[in-house]
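Student: Structure: model_3.cif, mmCIF, C-alpha atoms.
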```cif
data_target
#
loop_
_atom_site.group_PDB
_atom_site.id
_atom_site.type_symbol
_atom_site.label_atom_id
_atom_site.label_comp_id
_atom_site.auth_asym_id
_atom_site.auth_seq_id
_atom_site.Cartn_x
_atom_site.Cartn_y
_atom_site.Cartn_z
ATOM 1 C CA MET A 1 -19.407 90.366 79.570
ATOM 2 C CA PRO A 2 -15.873 90.718 80.830
ATOM 3 C CA ARG A 3 -14.840 94.228 81.861
ATOM 4 C CA ARG A 4 -12.165 94.535 79.103
ATOM 5 C CA ARG A 5 -14.689 93.749 76.375
ATOM 6 C CA LEU A 6 -17.026 96.382 77.747
ATOM 7 C CA LEU A 7 -14.310 99.040 77.531
ATOM 8 C CA ILE A 8 -13.333 98.168 73.960
ATOM 9 C CA ALA A 9 -16.924 98.143 72.842
ATOM 10 C CA SER A 10 -17.505 101.588 74.280
ATOM 11 C CA VAL A 11 -14.680 103.388 72.347
ATOM 12 C CA PRO A 12 -16.566 103.974 69.055
ATOM 13 C CA LEU A 13 -19.500 105.223 71.037
ATOM 14 C CA VAL A 14 -17.295 107.782 72.784
ATOM 15 C CA LEU A 15 -15.883 108.973 69.447
ATOM 16 C CA LEU A 16 -19.314 109.395 67.978
ATOM 17 C CA SER A 17 -20.704 111.153 70.980
ATOM 18 C CA THR A 18 -17.842 113.685 71.181
ATOM 19 C CA GLY A 19 -17.444 114.300 67.459
ATOM 20 C CA CYS A 20 -13.757 113.387 67.547
ATOM 21 C CA ARG A 21 -11.918 112.041 64.549
ATOM 22 C CA SER A 22 -9.219 109.471 65.197
ATOM 23 C CA ALA A 23 -6.504 111.983 64.139
ATOM 24 C CA ASP A 24 -7.514 114.283 66.981
ATOM 25 C CA LEU A 25 -6.553 111.657 69.485
ATOM 26 C CA PHE A 26 -2.937 111.386 68.303
ATOM 27 C CA ALA A 27 -0.830 114.509 68.453
ATOM 28 C CA GLY A 28 2.361 112.946 67.055
ATOM 29 C CA PRO A 29 3.548 112.815 63.444
ATOM 30 C CA ASP A 30 1.206 111.227 60.950
ATOM 31 C CA PRO A 31 2.390 107.615 60.620
ATOM 32 C CA LEU A 32 1.059 107.534 57.063
ATOM 33 C CA GLY A 33 2.539 110.869 56.034
ATOM 34 C CA GLY A 34 5.863 109.541 54.792
ATOM 35 C CA ARG A 35 9.287 110.047 56.235
ATOM 36 C CA PRO A 36 9.667 113.180 58.375
ATOM 37 C CA PRO A 37 12.180 115.796 57.202
ATOM 38 C CA LEU A 38 15.433 116.096 59.085
ATOM 39 C CA ALA A 39 15.667 118.735 61.771
ATOM 40 C CA HIS A 40 17.492 121.925 60.795
ATOM 41 C CA ASP A 41 20.387 121.264 63.165
ATOM 42 C CA THR A 42 20.828 117.795 61.726
ATOM 43 C CA VAL A 43 21.061 119.135 58.176
ATOM 44 C CA VAL A 44 23.561 121.825 59.212
ATOM 45 C CA LEU A 45 25.560 119.264 61.152
ATOM 46 C CA GLN A 46 25.694 116.939 58.157
ATOM 47 C CA ASP A 47 27.056 119.800 56.053
ATOM 48 C CA ALA A 48 29.685 120.540 58.688
ATOM 49 C CA ILE A 49 30.690 116.883 58.757
ATOM 50 C CA ALA A 50 31.012 116.864 54.986
ATOM 51 C CA ALA A 51 33.217 119.953 55.108
ATOM 52 C CA GLU A 52 35.381 118.409 57.834
ATOM 53 C CA LEU A 53 35.799 115.262 55.763
ATOM 54 C CA ASP A 54 36.841 117.411 52.843
ATOM 55 C CA LEU A 55 39.479 119.164 54.971
ATOM 56 C CA ILE A 56 40.796 115.836 56.218
ATOM 57 C CA SER A 57 41.046 114.623 52.650
ATOM 58 C CA ARG A 58 43.011 117.747 51.718
ATOM 59 C CA TYR A 59 45.422 117.203 54.614
ATOM 60 C CA LYS A 60 46.001 113.574 53.690
ATOM 61 C CA SER A 61 46.697 114.602 50.131
ATOM 62 C CA ALA A 62 49.095 117.346 51.249
ATOM 63 C CA ILE A 63 50.916 115.031 53.649
ATOM 64 C CA SER A 64 51.510 112.593 50.826
ATOM 65 C CA THR A 65 53.415 115.260 48.910
ATOM 66 C CA SER A 66 54.827 117.542 51.610
ATOM 67 C CA SER A 67 57.151 116.961 54.537
ATOM 68 C CA GLU A 68 55.889 119.961 56.526
ATOM 69 C CA PRO A 69 56.177 118.711 60.126
ATOM 70 C CA ILE A 70 53.099 120.569 61.334
ATOM 71 C CA LEU A 71 50.649 118.857 59.003
ATOM 72 C CA PRO A 72 50.166 115.547 60.885
ATOM 73 C CA ALA A 73 49.393 117.413 64.126
ATOM 74 C CA LEU A 74 46.800 119.587 62.428
ATOM 75 C CA LEU A 75 45.301 116.561 60.701
ATOM 76 C CA ALA A 76 44.945 114.862 64.082
ATOM 77 C CA GLN A 77 42.996 117.864 65.378
ATOM 78 C CA HIS A 78 40.690 117.751 62.384
ATOM 79 C CA GLN A 79 40.034 114.105 63.106
ATOM 80 C CA GLN A 80 39.098 115.158 66.651
ATOM 81 C CA HIS A 81 36.722 117.739 65.160
ATOM 82 C CA LEU A 82 35.137 115.088 63.003
ATOM 83 C CA ALA A 83 34.654 112.735 65.941
ATOM 84 C CA GLN A 84 32.906 115.432 67.980
ATOM 85 C CA LEU A 85 30.699 116.471 65.088
ATOM 86 C CA LYS A 86 29.686 112.882 64.422
ATOM 87 C CA ALA A 87 28.967 112.379 68.111
ATOM 88 C CA ARG A 88 26.337 115.128 67.885
ATOM 89 C CA LEU A 89 24.653 113.631 64.814
ATOM 90 C CA ILE A 90 21.416 111.799 65.507
ATOM 91 C CA VAL A 91 19.360 110.897 62.480
ATOM 92 C CA PRO A 92 15.976 109.386 63.415
ATOM 93 C CA ALA A 93 15.179 106.043 61.853
ATOM 94 C CA GLY A 94 13.110 106.558 58.723
ATOM 95 C CA ALA A 95 14.037 110.222 58.343
ATOM 96 C CA GLN A 96 14.678 111.550 54.864
ATOM 97 C CA GLN A 97 18.377 111.447 54.204
ATOM 98 C CA THR A 98 20.279 114.251 52.611
ATOM 99 C CA ALA A 99 23.473 113.502 50.727
ATOM 100 C CA SER A 100 25.552 111.157 52.821
ATOM 101 C CA PRO A 101 28.496 113.150 54.163
ATOM 102 C CA ALA A 102 30.722 110.142 54.314
ATOM 103 C CA ALA A 103 29.909 109.111 50.795
ATOM 104 C CA SER A 104 29.981 112.419 48.997
ATOM 105 C CA PRO A 105 31.740 115.249 50.795
ATOM 106 C CA ALA A 106 32.000 117.216 47.587
ATOM 107 C CA ALA A 107 28.214 117.392 47.439
ATOM 108 C CA SER A 108 27.980 119.777 50.384
ATOM 109 C CA PRO A 109 27.626 123.506 49.779
ATOM 110 C CA SER A 110 30.723 124.224 51.831
ATOM 111 C CA ALA A 111 32.838 121.734 49.981
ATOM 112 C CA SER A 112 31.681 122.930 46.594
ATOM 113 C CA SER A 113 32.557 126.511 47.551
ATOM 114 C CA ALA A 114 35.900 125.553 49.049
ATOM 115 C CA PRO A 115 38.951 127.233 47.582
ATOM 116 C CA ALA A 116 40.527 125.646 44.565
ATOM 117 C CA PRO A 117 43.745 123.729 45.155
ATOM 118 C CA ALA A 118 46.730 126.074 45.350
ATOM 119 C CA ALA A 119 50.058 125.526 43.674
ATOM 120 C CA HIS A 120 51.688 124.858 47.048
ATOM 121 C CA PRO A 121 49.772 122.400 49.239
ATOM 122 C CA VAL A 122 50.257 124.446 52.414
ATOM 123 C CA ASP A 123 48.830 127.541 50.726
ATOM 124 C CA GLY A 124 45.776 125.539 49.772
ATOM 125 C CA LEU A 125 45.368 124.242 53.302
ATOM 126 C CA ARG A 126 45.635 127.715 54.758
ATOM 127 C CA ASP A 127 42.911 128.962 52.437
ATOM 128 C CA ALA A 128 40.773 125.932 53.242
ATOM 129 C CA GLU A 129 41.178 126.528 56.988
ATOM 130 C CA LEU A 130 40.090 130.143 56.645
ATOM 131 C CA ALA A 131 37.139 129.119 54.496
ATOM 132 C CA SER A 132 36.153 126.493 57.052
ATOM 133 C CA ALA A 133 36.304 129.002 59.914
ATOM 134 C CA ALA A 134 34.131 131.421 57.951
ATOM 135 C CA SER A 135 31.663 128.708 57.000
ATOM 136 C CA LEU A 136 31.268 127.464 60.567
ATOM 137 C CA THR A 137 30.825 131.034 61.791
ATOM 138 C CA ALA A 138 27.996 131.479 59.297
ATOM 139 C CA ARG A 139 26.405 128.173 60.276
ATOM 140 C CA LEU A 140 26.444 128.707 64.027
ATOM 141 C CA VAL A 141 23.885 131.528 64.013
ATOM 142 C CA SER A 142 20.963 129.226 63.255
ATOM 143 C CA VAL A 143 21.568 126.182 65.433
ATOM 144 C CA GLN A 144 21.008 125.327 69.080
ATOM 145 C CA PRO A 145 23.416 127.002 71.538
ATOM 146 C CA SER A 146 25.446 123.919 72.397
ATOM 147 C CA LEU A 147 26.023 123.100 68.740
ATOM 148 C CA ALA A 148 26.831 126.767 68.052
ATOM 149 C CA GLN A 149 29.520 126.582 70.720
ATOM 150 C CA LEU A 150 31.046 123.470 69.174
ATOM 151 C CA PHE A 151 31.073 125.147 65.757
ATOM 152 C CA ALA A 152 32.645 128.283 67.267
ATOM 153 C CA SER A 153 35.350 126.263 68.977
ATOM 154 C CA ILE A 154 36.173 124.343 65.804
ATOM 155 C CA ALA A 155 36.180 127.597 63.827
ATOM 156 C CA ALA A 156 38.630 129.067 66.331
ATOM 157 C CA SER A 157 40.820 126.002 65.966
ATOM 158 C CA ASP A 158 40.695 126.258 62.185
ATOM 159 C CA ALA A 159 41.615 129.951 62.310
ATOM 160 C CA SER A 160 44.590 129.162 64.537
ATOM 161 C CA HIS A 161 45.599 126.436 62.064
ATOM 162 C CA ALA A 162 45.625 129.050 59.303
ATOM 163 C CA ASN A 163 47.924 131.215 61.422
ATOM 164 C CA ALA A 164 50.172 128.255 62.118
ATOM 165 C CA LEU A 165 50.381 127.547 58.393
ATOM 166 C CA GLY A 166 51.633 131.058 57.802
ATOM 167 C CA GLY A 167 48.444 133.080 57.435
ATOM 168 C CA SER A 168 47.425 136.033 59.532
ATOM 169 C CA MET B 1 12.628 144.687 83.927
ATOM 170 C CA GLN B 2 14.326 141.796 82.179
ATOM 171 C CA ALA B 3 17.867 142.465 80.985
ATOM 172 C CA PRO B 4 18.401 142.343 77.215
ATOM 173 C CA ALA B 5 19.688 139.042 75.914
ATOM 174 C CA GLY B 6 23.361 138.519 76.277
ATOM 175 C CA ILE B 7 24.165 141.072 78.967
ATOM 176 C CA ALA B 8 25.534 138.478 81.378
ATOM 177 C CA ALA B 9 27.657 136.894 78.653
ATOM 178 C CA LEU B 10 28.969 140.263 77.517
ATOM 179 C CA GLN B 11 29.810 141.211 81.101
ATOM 180 C CA ALA B 12 31.748 137.953 81.504
ATOM 181 C CA ALA B 13 33.651 138.648 78.291
ATOM 182 C CA LEU B 14 34.385 142.173 79.485
ATOM 183 C CA ALA B 15 35.718 140.861 82.780
ATOM 184 C CA ALA B 16 37.993 138.463 80.903
ATOM 185 C CA GLU B 17 39.267 141.250 78.661
ATOM 186 C CA GLN B 18 39.956 143.430 81.708
ATOM 187 C CA ALA B 19 41.929 140.598 83.271
ATOM 188 C CA ALA B 20 43.848 140.192 80.009
ATOM 189 C CA VAL B 21 44.706 143.897 79.892
ATOM 190 C CA TYR B 22 46.068 143.654 83.425
ATOM 191 C CA GLY B 23 47.856 140.361 82.855
ATOM 192 C CA TYR B 24 49.521 141.443 79.628
ATOM 193 C CA GLY B 25 51.003 144.351 81.535
ATOM 194 C CA VAL B 26 52.650 141.863 83.861
ATOM 195 C CA ALA B 27 53.668 139.412 81.128
ATOM 196 C CA GLY B 28 54.995 142.090 78.807
ATOM 197 C CA ALA B 29 57.269 143.433 81.502
ATOM 198 C CA HIS B 30 59.060 140.072 81.563
ATOM 199 C CA LEU B 31 59.397 139.710 77.804
ATOM 200 C CA GLY B 32 61.942 141.204 75.474
ATOM 201 C CA GLY B 33 62.574 141.779 71.807
ATOM 202 C CA ALA B 34 59.971 140.557 69.328
ATOM 203 C CA SER B 35 57.977 138.825 72.045
ATOM 204 C CA GLN B 36 57.530 142.073 73.915
ATOM 205 C CA VAL B 37 56.478 143.856 70.729
ATOM 206 C CA THR B 38 53.890 141.140 70.144
ATOM 207 C CA ALA B 39 52.731 141.354 73.747
ATOM 208 C CA TRP B 40 52.137 145.077 73.490
ATOM 209 C CA GLN B 41 50.292 144.581 70.204
ATOM 210 C CA TYR B 42 48.025 141.989 71.810
ATOM 211 C CA TRP B 43 47.611 144.217 74.868
ATOM 212 C CA THR B 44 46.311 146.945 72.569
ATOM 213 C CA GLU B 45 43.888 144.486 70.950
ATOM 214 C CA HIS B 46 42.528 143.545 74.371
ATOM 215 C CA ARG B 47 42.115 147.182 75.339
ATOM 216 C CA ASP B 48 40.172 147.773 72.117
ATOM 217 C CA ALA B 49 38.028 144.703 72.776
ATOM 218 C CA ARG B 50 37.409 145.877 76.337
ATOM 219 C CA ASP B 51 36.203 149.253 75.103
ATOM 220 C CA THR B 52 34.024 147.639 72.437
ATOM 221 C CA LEU B 53 32.376 145.360 74.988
ATOM 222 C CA ALA B 54 31.796 148.223 77.414
ATOM 223 C CA ALA B 55 30.105 150.197 74.650
ATOM 224 C CA MET B 56 27.936 147.220 73.688
ATOM 225 C CA ILE B 57 26.823 146.753 77.286
ATOM 226 C CA THR B 58 26.078 150.444 77.708
ATOM 227 C CA ALA B 59 24.095 150.469 74.480
ATOM 228 C CA ARG B 60 21.928 147.708 75.941
ATOM 229 C CA GLY B 61 21.096 149.822 78.954
ATOM 230 C CA ALA B 62 23.391 148.134 81.474
ATOM 231 C CA THR B 63 26.437 149.301 83.367
ATOM 232 C CA PRO B 64 29.710 147.619 82.397
ATOM 233 C CA VAL B 65 31.409 145.753 85.202
ATOM 234 C CA ALA B 66 34.368 147.623 86.622
ATOM 235 C CA ALA B 67 37.877 146.284 86.345
ATOM 236 C CA LEU B 68 39.509 145.079 89.541
ATOM 237 C CA ALA B 69 42.394 146.999 90.999
ATOM 238 C CA TYR B 70 44.402 143.803 91.263
ATOM 239 C CA TYR B 71 44.152 140.291 89.807
ATOM 240 C CA ASP B 72 45.543 137.136 91.343
ATOM 241 C CA LEU B 73 47.887 135.547 88.841
ATOM 242 C CA PRO B 74 47.611 131.780 88.332
ATOM 243 C CA PHE B 75 51.337 131.338 88.983
ATOM 244 C CA PRO B 76 54.365 133.538 89.681
ATOM 245 C CA VAL B 77 55.726 135.321 86.629
ATOM 246 C CA THR B 78 59.465 135.435 86.936
ATOM 247 C CA GLY B 79 60.785 135.547 83.387
ATOM 248 C CA ALA B 80 60.087 135.142 79.689
ATOM 249 C CA ALA B 81 58.849 131.549 79.910
ATOM 250 C CA THR B 82 56.312 132.237 82.624
ATOM 251 C CA GLY B 83 55.406 135.519 80.947
ATOM 252 C CA GLU B 84 54.491 133.692 77.765
ATOM 253 C CA ALA B 85 52.678 131.020 79.754
ATOM 254 C CA LEU B 86 50.648 133.737 81.468
ATOM 255 C CA ALA B 87 49.770 135.297 78.121
ATOM 256 C CA ALA B 88 48.548 131.918 76.832
ATOM 257 C CA HIS B 89 46.541 131.423 80.026
ATOM 258 C CA LEU B 90 44.917 134.838 79.634
ATOM 259 C CA GLU B 91 43.966 134.092 76.038
ATOM 260 C CA ASP B 92 42.416 130.788 77.085
ATOM 261 C CA GLY B 93 40.299 132.661 79.613
ATOM 262 C CA VAL B 94 39.190 135.176 77.022
ATOM 263 C CA THR B 95 38.301 132.410 74.559
ATOM 264 C CA ALA B 96 36.216 130.596 77.151
ATOM 265 C CA ALA B 97 34.402 133.820 78.048
ATOM 266 C CA TYR B 98 33.453 134.530 74.438
ATOM 267 C CA LEU B 99 32.118 130.979 74.172
ATOM 268 C CA GLY B 100 29.338 132.179 76.467
ATOM 269 C CA VAL B 101 28.500 134.957 74.019
ATOM 270 C CA VAL B 102 28.165 132.370 71.256
ATOM 271 C CA ALA B 103 25.416 130.629 73.260
ATOM 272 C CA VAL B 104 23.183 133.724 73.266
ATOM 273 C CA ASN B 105 20.179 133.578 70.945
ATOM 274 C CA ASP B 106 21.219 136.592 68.914
ATOM 275 C CA ALA B 107 22.840 136.100 65.520
ATOM 276 C CA ASN B 108 24.969 139.244 65.697
ATOM 277 C CA LEU B 109 26.279 138.440 69.157
ATOM 278 C CA ARG B 110 27.034 134.874 68.145
ATOM 279 C CA THR B 111 29.052 136.045 65.168
ATOM 280 C CA PHE B 112 30.841 138.623 67.288
ATOM 281 C CA GLY B 113 31.699 136.016 69.923
ATOM 282 C CA ALA B 114 32.894 133.474 67.379
ATOM 283 C CA GLN B 115 35.173 135.969 65.659
ATOM 284 C CA ALA B 116 36.601 137.066 68.992
ATOM 285 C CA MET B 117 37.291 133.421 69.821
ATOM 286 C CA GLN B 118 39.210 133.031 66.567
ATOM 287 C CA ALA B 119 41.397 135.996 67.447
ATOM 288 C CA SER B 120 42.136 134.838 70.992
ATOM 289 C CA ALA B 121 42.720 131.221 69.959
ATOM 290 C CA GLY B 122 45.266 132.447 67.433
ATOM 291 C CA ARG B 123 47.032 134.518 70.055
ATOM 292 C CA ALA B 124 47.044 131.608 72.500
ATOM 293 C CA ALA B 125 48.555 129.353 69.834
ATOM 294 C CA HIS B 126 51.249 131.940 69.227
ATOM 295 C CA TRP B 127 52.329 131.904 72.864
ATOM 296 C CA ARG B 128 51.918 128.178 73.326
ATOM 297 C CA GLY B 129 53.656 127.303 70.093
ATOM 298 C CA SER B 130 50.923 124.875 69.113
ATOM 299 C CA THR B 131 47.213 124.819 68.336
ATOM 300 C CA VAL B 132 44.459 122.990 70.186
ATOM 301 C CA ALA B 133 41.461 121.138 68.784
ATOM 302 C CA PHE B 134 38.763 122.802 70.880
ATOM 303 C CA PRO B 135 39.635 126.317 72.058
ATOM 304 C CA GLY B 136 37.350 127.516 74.825
ATOM 305 C CA LEU B 137 35.728 124.169 75.502
ATOM 306 C CA PRO B 138 36.579 122.154 78.610
ATOM 307 C CA VAL B 139 39.393 119.725 77.923
ATOM 308 C CA SER B 140 37.849 116.290 77.492
#
```
Using structure tokens, write down the structure that the file contains.
Tutor:
Amino acid sequence: MPRRRLLIASVPLVLLSTGCRSADLFAGPDPLGGRPPLAHDTVVLQDAIAAELDLISRYKSAISTSSEPILPALLAQHQQHLAQLKARLIVPAGAQQTASPAASPAASPSASSAPAPAAHPVDGLRDAELASAASLTARLVSVQPSLAQLFASIAASDASHANALGGS
Amino acid sequence: MQAPAGIAALQAALAAEQAAVYGYGVAGAHLGGASQVTAWQYWTEHRDARDTLAAMITARGATPVAALAYYDLPFPVTGAATGEALAAHLEDGVTAAYLGVVAVNDANLRTFGAQAMQASAGRAAHWRGSTVAFPGLPVS
């Protein structure tokens, strides 16, 4: 008998003799257990992306009705925030998806709790910036250090935006 | 004995605040009018932050780092423009230092560091006249 056939034939015998079940031999996720849940950081990151998309949408809306010269520069920085947040997002193939941030930004907790539109678009943006900074500060306590630092930096940027828009 | 979490980061933030207290003294001397009033206000905020950090470090059983007698300035300060540039530079240094506090695995310290970053980023934007996308992070 070829050597390979001998080895294959001996596997069930080894299992029986050691009392092992097949599951004991594989320490990874159960391939039959359905899609794995998303990691905590991934869920938090998706929420942050949704909130950033919401802010960008607010800026675009304000720019369409206001000639404030500062708005395009702040919008550009929010687009930089979004790019960095998306660069950190890794969703494993087959993982359970939460609400798609790109498709439904209003579905995120942060977006739903965002301040209502103000009478003056800049006032609304200032409130939204402050709310974003507060939200990111709350989120950063539970994620990995490098992601916490990105959130903290974006929150600091958002807070400075609020100052630049006339808040303090 | 292992030092409590965050001591090194807090010491780095304290050192940055001490440098800011020194540097604002130099910058403020070259400013006038409203800018000088703002500089003294920010100087007071940095002194308060310095004292807060020193107390936090002491409460964790460590000895706060001592301020230097003299700090090398990044460039000569000869007037209002360079004074404001120095103030912005100091705030950038403070923001970067607090970024280290945010990386500590302690929720209270992370929140403290993040809020301090928001204050210093706002002050830096005041002096620079514009905001940046990623305060405290290396420029990419």
Student: Got a sec to pull out which chain B residues are within 10 Å of chain A, counting all atoms listed in the file, and send them as a count of residues only?
Tutor: 40
Student: Output the residue selection produced by the PyMOL selection byres ((chain A and resi 119-124) around 12) on the file above, formatted as JSON, numbers by chain.
Tutor: {"A": [55, 58, 59, 60, 61, 62, 63, 64, 65, 66, 67, 68, 69, 70, 71, 74, 114, 115, 116, 117, 118, 125, 126, 127, 128, 129, 130, 131, 161, 162, 163, 164, 165, 166, 167]}
Student: Residues picked by the PyMOL selection byres ((chain B and resi 46-52) around 10) here, as a PyMOL selection string?
Tutor: chain B and resi 13-22+24+40-45+53-58+64+91+94+116+120
Student: Convert the current residue selection to file output with C-alpha atoms, as a CSV table (one decimal), in the coordinates of the input.
Tutor:
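The file below, result.csv, is the result:
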```
chain,number,residue,atom,x,y,z
B,13,ALA,CA,33.7,138.6,78.3
B,14,LEU,CA,34.4,142.2,79.5
B,15,ALA,CA,35.7,140.9,82.8
B,16,ALA,CA,38.0,138.5,80.9
B,17,GLU,CA,39.3,141.2,78.7
B,18,GLN,CA,40.0,143.4,81.7
B,19,ALA,CA,41.9,140.6,83.3
B,20,ALA,CA,43.8,140.2,80.0
B,21,VAL,CA,44.7,143.9,79.9
B,22,TYR,CA,46.1,143.7,83.4
B,24,TYR,CA,49.5,141.4,79.6
B,40,TRP,CA,52.1,145.1,73.5
B,41,GLN,CA,50.3,144.6,70.2
B,42,TYR,CA,48.0,142.0,71.8
B,43,TRP,CA,47.6,144.2,74.9
B,44,THR,CA,46.3,146.9,72.6
B,45,GLU,CA,43.9,144.5,71.0
B,53,LEU,CA,32.4,145.4,75.0
B,54,ALA,CA,31.8,148.2,77.4
B,55,ALA,CA,30.1,150.2,74.6
B,56,MET,CA,27.9,147.2,73.7
B,57,ILE,CA,26.8,146.8,77.3
B,58,THR,CA,26.1,150.4,77.7
B,64,PRO,CA,29.7,147.6,82.4
B,91,GLU,CA,44.0,134.1,76.0
B,94,VAL,CA,39.2,135.2,77.0
B,116,ALA,CA,36.6,137.1,69.0
B,120,SER,CA,42.1,134.8,71.0
```
Student: Record the distance separating atom CA of B:Pro76 and atom CA of B:Ser35, expressed in Å with one decimal.
Tutor: 18.8 Å
Student: Between atom CA of A:Leu53 and atom CA of B:Pro138, what is the spacing in Å?
Tutor: 23.9 Å
Student: State, in Å with one decimal place, the distance from atom CA of B:Thr78 to atom CA of B:Arg128.
Tutor: 17.2 Å
Student: Listed atoms of stretch 120-135 of chain B, axis-aligned box, 3 Å per side: centre and edge lengths to one decimal in Å, as lines of an AutoDock Vina configuration file?
Tutor:
```
center_x = 46.2
center_y = 128.0
center_z = 70.4
size_x = 20.9
size_y = 19.7
size_z = 11.9
```
Student: Please evaluate the PyMOL selection byres ((chain A and resi 92) around 10) against the displayed coordinates and give the resulting residues as an MDAnalysis selection string.
Tutor: chainID A and resid 35:39 42 89:91 93:97
Student: Need the neighbours of (23.7, 141.7, 85.0): which residues are at most 12 Å away, counting only C-alpha atoms, as a list in words?
Tutor: Met1, Gln2, Ala3, Pro4, Ala5, Gly6, Ile7, Ala8, Ala9, Leu10, Gln11, Ala12, Ile57, Thr58, Arg60, Gly61, Ala62, Thr63, Pro64 and Val65 of chain B
Student: Can you pull out every residue within 9 Å of stretch 31-34 of chain B, counting only C-alpha atoms, but drop anything in the same chain fewer than 6 positions away, and send it as a VMD selection string?
Tutor: chain B and resid 79 to 81 83 to 84
Student: Store the residues picked out above, limited to C-alpha atoms, as a short mmCIF file (atom, residue, chain, number, x, y, z; two decimals), in the frame of the given file.
Tutor:
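result08.cif written:
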```cif
data_model
loop_
_atom_site.label_atom_id
_atom_site.label_comp_id
_atom_site.auth_asym_id
_atom_site.auth_seq_id
_atom_site.Cartn_x
_atom_site.Cartn_y
_atom_site.Cartn_z
CA GLY B 79 60.78 135.55 83.39
CA ALA B 80 60.09 135.14 79.69
CA ALA B 81 58.85 131.55 79.91
CA GLY B 83 55.41 135.52 80.95
CA GLU B 84 54.49 133.69 77.76
#
```
Student: Output stretch 63-74 of chain A as a PDB file, keeping the file's coordinate frame, making sure N, CA and C atoms are there.
Tutor:
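File written: out-v5.pdb
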```pdb
ATOM      1  N   ILE A  63      49.876 115.772  52.927  1.00  0.00           N
ATOM      2  CA  ILE A  63      50.916 115.031  53.649  1.00  0.00           C
ATOM      3  C   ILE A  63      51.614 114.039  52.729  1.00  0.00           C
ATOM      4  N   SER A  64      50.892 113.555  51.747  1.00  0.00           N
ATOM      5  CA  SER A  64      51.510 112.593  50.826  1.00  0.00           C
ATOM      6  C   SER A  64      52.541 113.246  49.912  1.00  0.00           C
ATOM      7  N   THR A  65      52.484 114.578  49.814  1.00  0.00           N
ATOM      8  CA  THR A  65      53.415 115.260  48.910  1.00  0.00           C
ATOM      9  C   THR A  65      54.301 116.274  49.613  1.00  0.00           C
ATOM     10  N   SER A  66      54.076 116.517  50.895  1.00  0.00           N
ATOM     11  CA  SER A  66      54.827 117.542  51.610  1.00  0.00           C
ATOM     12  C   SER A  66      55.375 116.969  52.909  1.00  0.00           C
ATOM     13  N   SER A  67      56.547 117.429  53.290  1.00  0.00           N
ATOM     14  CA  SER A  67      57.151 116.961  54.537  1.00  0.00           C
ATOM     15  C   SER A  67      57.016 117.994  55.653  1.00  0.00           C
ATOM     16  N   GLU A  68      56.109 118.961  55.475  1.00  0.00           N
ATOM     17  CA  GLU A  68      55.889 119.961  56.526  1.00  0.00           C
ATOM     18  C   GLU A  68      55.568 119.248  57.842  1.00  0.00           C
ATOM     19  N   PRO A  69      56.372 119.485  58.889  1.00  0.00           N
ATOM     20  CA  PRO A  69      56.177 118.711  60.126  1.00  0.00           C
ATOM     21  C   PRO A  69      54.888 119.029  60.867  1.00  0.00           C
ATOM     22  N   ILE A  70      54.298 120.179  60.592  1.00  0.00           N
ATOM     23  CA  ILE A  70      53.099 120.569  61.334  1.00  0.00           C
ATOM     24  C   ILE A  70      51.841 119.853  60.841  1.00  0.00           C
ATOM     25  N   LEU A  71      51.880 119.366  59.611  1.00  0.00           N
ATOM     26  CA  LEU A  71      50.649 118.857  59.003  1.00  0.00           C
ATOM     27  C   LEU A  71      50.030 117.676  59.747  1.00  0.00           C
ATOM     28  N   PRO A  72      50.805 116.673  60.168  1.00  0.00           N
ATOM     29  CA  PRO A  72      50.166 115.547  60.885  1.00  0.00           C
ATOM     30  C   PRO A  72      49.468 115.976  62.173  1.00  0.00           C
ATOM     31  N   ALA A  73      50.033 116.954  62.884  1.00  0.00           N
ATOM     32  CA  ALA A  73      49.393 117.413  64.126  1.00  0.00           C
ATOM     33  C   ALA A  73      48.070 118.110  63.831  1.00  0.00           C
ATOM     34  N   LEU A  74      48.048 118.901  62.777  1.00  0.00           N
ATOM     35  CA  LEU A  74      46.800 119.587  62.428  1.00  0.00           C
ATOM     36  C   LEU A  74      45.765 118.590  61.922  1.00  0.00           C
TER      37      LEU A  74
END
```
